[in-house]
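What follows is target-v2.cif (mmCIF, C-alpha atoms).
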```
data_query
#
loop_
_atom_site.label_atom_id
_atom_site.label_comp_id
_atom_site.auth_asym_id
_atom_site.auth_seq_id
_atom_site.Cartn_x
_atom_site.Cartn_y
_atom_site.Cartn_z
CA MET A 2 -34.15 -8.04 14.82
CA LYS A 3 -32.16 -6.80 17.81
CA THR A 4 -31.51 -3.05 17.89
CA GLN A 5 -28.84 -1.13 19.77
CA LYS A 6 -28.84 2.55 20.72
CA ILE A 7 -25.60 4.49 20.21
CA ALA A 8 -24.89 8.07 21.24
CA LEU A 9 -24.19 10.46 18.37
CA ASP A 10 -20.74 11.40 19.68
CA GLU A 11 -19.73 7.71 19.60
CA ILE A 12 -20.15 7.54 15.81
CA VAL A 13 -16.91 8.24 13.90
CA GLU A 14 -17.76 6.83 10.48
CA ILE A 15 -20.84 5.67 8.55
CA LEU A 16 -20.44 3.51 5.45
CA GLN A 17 -23.37 2.73 3.21
CA ILE A 18 -23.39 -0.94 2.12
CA LYS A 19 -25.31 -0.87 -1.13
CA ASN A 20 -27.35 -3.79 -2.46
CA ARG A 21 -25.62 -4.24 -5.84
CA PHE A 22 -22.15 -5.61 -6.50
CA LEU A 23 -20.84 -2.73 -8.62
CA LYS A 24 -22.19 -0.13 -6.19
CA ARG A 25 -20.21 -1.75 -3.37
CA LEU A 26 -16.94 -1.01 -5.17
CA TYR A 27 -14.98 2.13 -4.38
CA GLY A 28 -11.42 3.18 -5.02
CA ASP A 29 -9.13 5.51 -6.92
CA VAL A 30 -6.85 5.86 -9.92
CA ASN A 31 -3.79 8.10 -9.82
CA LEU A 32 -1.12 9.25 -12.25
CA GLY A 33 2.16 10.83 -11.19
CA PHE A 34 5.37 12.20 -12.65
CA ASN A 35 8.68 13.71 -11.65
CA TYR A 36 11.71 15.03 -13.57
CA THR A 37 15.26 15.47 -12.26
CA LYS A 38 17.38 17.75 -14.44
CA SER A 39 20.71 16.92 -12.74
CA ASN A 40 20.68 13.33 -14.02
CA ASP A 41 18.08 13.84 -16.79
CA ILE A 42 15.73 11.20 -15.40
CA PHE A 43 11.96 11.22 -15.90
CA GLN A 44 9.89 9.17 -13.45
CA PHE A 45 6.33 8.07 -14.15
CA ASN A 46 3.97 6.26 -11.80
CA PHE A 47 0.52 4.76 -12.09
CA GLY A 48 -1.51 3.38 -9.21
CA SER A 49 -5.00 2.11 -8.53
CA SER A 50 -6.94 0.59 -5.65
CA VAL A 51 -10.38 -1.04 -5.55
CA THR A 52 -12.25 -2.14 -2.40
CA TYR A 53 -15.36 -4.28 -2.06
CA ARG A 54 -17.07 -4.16 1.33
CA VAL A 55 -19.87 -6.08 3.03
CA PRO A 56 -20.59 -6.15 6.79
CA LYS A 57 -17.55 -7.56 8.69
CA TRP A 58 -15.63 -8.34 5.46
CA GLU A 59 -13.50 -6.21 3.17
CA THR A 60 -11.61 -7.32 0.06
CA GLY A 61 -9.26 -5.13 -1.92
CA PHE A 62 -6.85 -4.95 -4.83
CA LYS A 63 -3.93 -2.51 -5.19
CA LEU A 64 -1.59 -1.89 -8.10
CA ASN A 65 1.49 0.37 -8.23
CA ASN A 66 3.88 0.94 -11.10
CA VAL A 67 6.89 3.31 -11.02
CA ILE A 68 9.18 3.48 -14.05
CA SER A 69 12.24 5.71 -14.43
CA ARG A 70 13.55 6.60 -17.90
CA SER A 71 16.51 8.63 -19.12
CA SER A 72 16.34 11.19 -21.92
CA SER A 73 17.58 8.49 -24.32
CA ASP A 74 14.36 6.57 -23.52
CA THR A 75 16.32 3.89 -21.67
CA ILE A 76 14.54 2.36 -18.66
CA THR A 77 16.82 2.81 -15.65
CA SER A 78 14.64 1.18 -12.99
CA LYS A 79 11.25 -0.40 -12.32
CA LYS A 80 9.27 -0.68 -9.10
CA GLN A 81 6.02 -2.62 -9.48
CA ASP A 82 3.68 -4.42 -7.11
CA ALA A 83 0.17 -5.88 -7.04
CA THR A 84 -1.72 -7.06 -3.95
CA ALA A 85 -5.06 -8.79 -3.33
CA SER A 86 -6.22 -8.67 0.31
CA VAL A 87 -9.00 -9.86 2.63
CA LEU A 88 -9.81 -8.35 6.05
CA LYS A 89 -12.37 -9.51 8.60
CA THR A 90 -13.30 -7.20 11.48
CA LEU A 91 -13.91 -8.63 14.95
CA ASN A 92 -15.22 -7.23 18.22
CA LYS A 93 -13.37 -4.50 20.13
CA ARG A 94 -11.63 -3.23 16.96
CA TYR A 95 -9.60 -6.41 16.38
CA TYR A 96 -9.22 -7.82 12.88
CA LEU A 97 -7.84 -10.75 10.87
CA MET A 98 -6.21 -10.22 7.50
CA SER A 99 -4.49 -12.05 4.64
CA TYR A 100 -3.05 -10.97 1.32
CA LEU A 101 -1.44 -12.39 -1.80
CA GLY A 102 1.05 -10.24 -3.69
CA TRP A 103 3.74 -9.84 -6.34
CA GLU A 104 6.64 -7.36 -6.35
CA ARG A 105 9.52 -6.23 -8.58
CA ASN A 106 12.26 -3.70 -7.84
CA THR A 107 15.21 -3.58 -10.22
CA GLU A 108 17.04 -1.02 -8.06
CA LEU A 109 17.29 -3.72 -5.36
CA GLY A 110 18.05 -6.45 -7.91
CA LEU A 111 14.63 -8.09 -7.47
CA ASP A 112 13.00 -9.53 -10.60
CA ASN A 113 10.09 -11.31 -8.93
CA ARG A 114 8.75 -11.83 -5.42
CA TYR A 115 5.53 -13.81 -4.81
CA LEU A 116 4.25 -13.65 -1.25
CA LEU A 117 1.43 -14.92 0.94
CA THR A 118 0.84 -13.21 4.29
CA GLY A 119 -1.56 -13.75 7.17
CA GLY A 120 -1.94 -11.99 10.48
CA ALA A 121 -4.06 -10.09 12.98
CA GLY A 122 -4.10 -6.72 14.66
CA LYS A 123 -6.05 -3.96 16.31
CA ILE A 124 -7.24 -0.48 15.41
CA ILE A 125 -5.71 1.52 18.26
CA PHE A 126 -7.90 4.58 17.77
CA ASN A 127 -10.44 5.73 15.24
CA ASP A 128 -12.17 9.10 15.42
CA ASN A 129 -13.63 11.72 13.11
CA ASN A 130 -10.35 12.72 11.48
CA LYS A 131 -7.66 10.10 12.15
CA ARG A 132 -7.06 6.37 12.51
CA LEU A 133 -4.13 4.26 13.75
CA LEU A 134 -3.90 0.55 12.94
CA THR A 135 -1.26 -1.95 14.04
CA GLY A 136 -0.77 -5.65 13.41
CA GLY A 137 1.59 -8.54 12.88
CA GLY A 138 1.81 -11.99 11.38
CA LEU A 139 3.82 -14.34 9.18
CA SER A 140 4.75 -14.16 5.51
CA TYR A 141 6.10 -16.71 3.04
CA ASN A 142 7.64 -15.59 -0.23
CA ARG A 143 9.58 -16.92 -3.20
CA GLU A 144 12.14 -14.54 -4.69
CA GLN A 145 14.03 -14.38 -7.97
CA PHE A 146 16.93 -11.93 -8.26
CA ASN A 147 18.49 -10.63 -11.45
CA ASP A 148 21.75 -12.55 -10.88
CA SER A 149 19.99 -15.95 -10.86
CA SER A 150 17.17 -17.72 -12.71
CA SER A 151 16.14 -19.80 -9.68
CA PHE A 152 13.62 -18.95 -6.95
CA ILE A 153 14.47 -18.96 -3.22
CA GLY A 154 11.87 -19.52 -0.49
CA ASN A 155 11.85 -17.30 2.57
CA VAL A 156 9.78 -17.24 5.79
CA GLU A 157 9.42 -13.87 7.52
CA ALA A 158 7.73 -12.31 10.50
CA MET A 159 5.73 -9.19 9.69
CA GLY A 160 4.82 -6.00 11.54
CA ILE A 161 2.58 -3.25 10.22
CA VAL A 162 1.65 0.28 11.32
CA GLU A 163 -0.83 2.36 9.33
CA PHE A 164 -1.89 5.93 10.04
CA LYS A 165 -4.63 7.88 8.26
CA LYS A 166 -5.74 11.48 8.69
CA PHE A 167 -8.67 12.83 6.73
CA ARG A 168 -11.22 15.60 6.40
CA TYR A 169 -14.60 15.08 4.74
CA THR A 170 -15.58 18.73 4.15
CA PHE A 171 -14.38 20.59 1.07
CA PRO A 172 -11.57 20.66 0.29
CA LYS A 173 -11.19 17.03 1.34
CA ILE A 174 -7.73 16.21 2.67
CA ASN A 175 -6.18 12.75 3.04
CA ILE A 176 -2.87 11.64 4.54
CA ASN A 177 -2.18 7.91 4.44
CA ALA A 178 1.09 6.36 5.64
CA GLN A 179 1.90 2.65 5.96
CA PHE A 180 5.07 1.04 7.31
CA ASN A 181 5.83 -2.70 7.03
CA ILE A 182 8.83 -4.53 8.50
CA TYR A 183 9.81 -8.10 7.59
CA PRO A 184 12.52 -9.74 9.76
CA SER A 185 13.46 -13.02 8.08
CA LEU A 186 13.12 -16.26 10.04
CA SER A 187 14.77 -18.53 7.46
CA ASP A 188 17.62 -16.13 6.54
CA TRP A 189 18.49 -14.90 10.01
CA GLY A 190 19.70 -11.28 10.12
CA ARG A 191 17.99 -10.17 6.92
CA ILE A 192 15.44 -7.35 7.32
CA ARG A 193 13.17 -5.75 4.73
CA MET A 194 11.21 -2.55 5.32
CA ASN A 195 8.63 -0.77 3.16
CA LEU A 196 7.25 2.73 3.72
CA GLN A 197 4.63 4.44 1.58
CA ALA A 198 2.95 7.77 2.23
CA ASN A 199 0.28 9.54 0.17
CA THR A 200 -1.09 13.03 0.60
CA SER A 201 -3.91 14.61 -1.39
CA ILE A 202 -6.14 17.67 -1.38
CA GLU A 203 -9.37 17.92 -3.36
CA ILE A 204 -9.43 20.55 -6.13
CA PHE A 205 -12.96 19.73 -7.35
CA LYS A 206 -15.42 16.86 -7.00
CA ASP A 207 -13.74 13.42 -7.21
CA PHE A 208 -10.37 14.90 -8.32
CA SER A 209 -7.42 15.73 -6.10
CA VAL A 210 -3.69 16.46 -6.32
CA GLY A 211 -0.90 15.45 -3.97
CA PHE A 212 2.39 13.67 -3.46
CA THR A 213 3.37 10.00 -3.16
CA PHE A 214 6.54 8.95 -1.35
CA TYR A 215 7.94 5.41 -1.09
CA ASP A 216 11.02 3.89 0.50
CA ASN A 217 12.01 0.21 0.15
CA PHE A 218 14.94 -1.23 2.11
CA ASP A 219 16.60 -4.67 2.02
CA ASN A 220 19.86 -5.18 3.91
CA ARG A 221 20.64 -8.30 1.82
CA PRO A 222 19.60 -7.58 -1.76
CA SER A 223 20.96 -9.28 -4.87
CA SER A 224 24.73 -9.09 -5.30
CA ASP A 225 24.14 -7.17 -8.54
CA ALA A 226 21.76 -4.67 -6.92
CA ALA A 227 22.63 -1.01 -7.24
CA SER A 228 21.58 -0.25 -3.68
CA GLU A 229 20.12 -1.59 -0.44
CA ASN A 230 17.62 1.28 -0.48
CA ASP A 231 15.21 2.59 -3.13
CA PHE A 232 13.05 5.67 -2.60
CA GLY A 233 11.15 8.21 -4.66
CA LEU A 234 8.77 11.18 -4.53
CA THR A 235 6.23 11.92 -7.27
CA PHE A 236 3.47 14.43 -7.86
CA SER A 237 0.13 12.74 -8.55
CA ILE A 238 -3.37 13.50 -9.83
CA THR A 239 -6.07 11.22 -8.40
CA TYR A 240 -9.61 10.36 -9.44
CA THR A 241 -11.82 8.79 -6.75
CA PHE A 242 -14.92 6.72 -7.51
CA GLY A 243 -17.69 5.02 -5.56
CA LYS A 244 -17.63 7.29 -2.49
#
```

Using the file provided, produce a representation of the structure as structure tokens.
Amino acid sequence: MKTQKIALDEIVEILQIKNRFLKRLYGDVNLGFNYTKSNDIFQFNFGSSVTYRVPKWETGFKLNNVISRSSSDTITSKKQDATASVLKTLNKRYYLMSYLGWERNTELGLDNRYLLTGGAGKIIFNDNNKRLLTGGGLSYNREQFNDSSSFIGNVEAMGIVEFKKFRYTFPKININAQFNIYPSLSDWGRIRMNLQANTSIEIFKDFSVGFTFYDNFDNRPSSDAASENDFGLTFSITYTFGK
């Protein structure tokens, strides 16, 4: 077996790859809520992520669910998405990635969106407390809006920027922001953008509190959509496992 010597100050992260399937899983579960008295709206969100890692390969699953209700218990909007992803790391911090997903956003008039995306990118920097990742690729999706029962196919370019800042000593602090932009290639002039940011601070072992912010934009939503833009901010309690 070939060995390689590395200086201690060149090491920014060490991940233990355990020898059993269940022990290679790590992730989190979070619950959030928000209440706005002016319009008497209660917002609830649930999210979870699970990652399975082996050398050079990483697979993951993410689920987000945001539901807004009025005091009369009427659902005013839903924002839901689920994503399964695969990432392969290459030399010199390059990577290949692909993911399969589903989305719904009633505020934008979207009942269903199924998408398949593939691309590549590079980790620009990665040190002891922050990481910046960029990438791009192509995405194909099929969309169903609430003013039609039919699905429409759409081919898009994709750009992604992800920034993470973290601290491993108590109290652990995490800031994670991801921005995606999707200029359409088959519906020229249409642009979608998604932004999600999470912050958390550890209060005791494996439990943390923080805020989750999201912003979804579509300059050509359904004709019955209430808005081109949907955003929200919720307080969340998170449980982390496997780390």

Under the PyMOL selection byres ((chain A and resi 174-180) around 8), which residues of this model are included? Write them out as a list in words.
Ile161, Val162, Glu163, Phe164, Lys165, Lys166, Phe167, Arg168, Tyr169, Pro172, Lys173, Asn181, Ile182, Met194, Asn195, Leu196, Gln197, Ala198, Asn199, Thr200, Ser201, Ile202 and Glu203 of chain A

Mind checking which residues fall within 12 Å of stretch 24-30 of chain A, counting all atoms listed in the file, ignoring those fewer than 3 positions away in the same chain, and posting them as a VMD selection string?
chain A and resid 16 to 21 33 46 to 56 58 to 66 201 207 to 210 237 to 244

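Checking A:Leu116, A:Tyr96, A:Phe236, A:Trp189 one by one against A:Lys57, counting only C-alpha atoms, you find the shortest gap at A:Tyr96.
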
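This file, queried with the PyMOL selection byres ((chain A and resi 97) around 6), gives the residues Leu88, Lys89, Tyr96, Met98 and Ala121 of chain A.
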
Selection export as a CSV table (one decimal), in the frame of the given file, atoms kept: C-alpha atoms:
```csv
chain,number,residue,atom,x,y,z
A,88,LEU,CA,-9.8,-8.4,6.0
A,89,LYS,CA,-12.4,-9.5,8.6
A,96,TYR,CA,-9.2,-7.8,12.9
A,98,MET,CA,-6.2,-10.2,7.5
A,121,ALA,CA,-4.1,-10.1,13.0
```

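Against the coordinates shown, the PyMOL selection byres ((chain A and resi 217) around 7) returns Met194, Asn195, Leu196, Tyr215, Asp216, Phe218, Asp219, Asn230, Asp231 and Phe232 of chain A.
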
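Residue nearest A:Tyr95, chosen from A:Gly136, A:Lys79, A:Gly110, A:Ser69 and counting all atoms listed in the file: A:Gly136.
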
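Distance annotation: of A:Ser86, A:Thr213, A:Ser228, A:Thr118, the residue with the minimal separation from A:Ala158 is A:Thr118; atom set is all atoms listed in the file.
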
Pairwise distance for atom CA of A:Phe43 and atom CA of A:Thr84, rounded to one decimal in Å:
25.8 Å
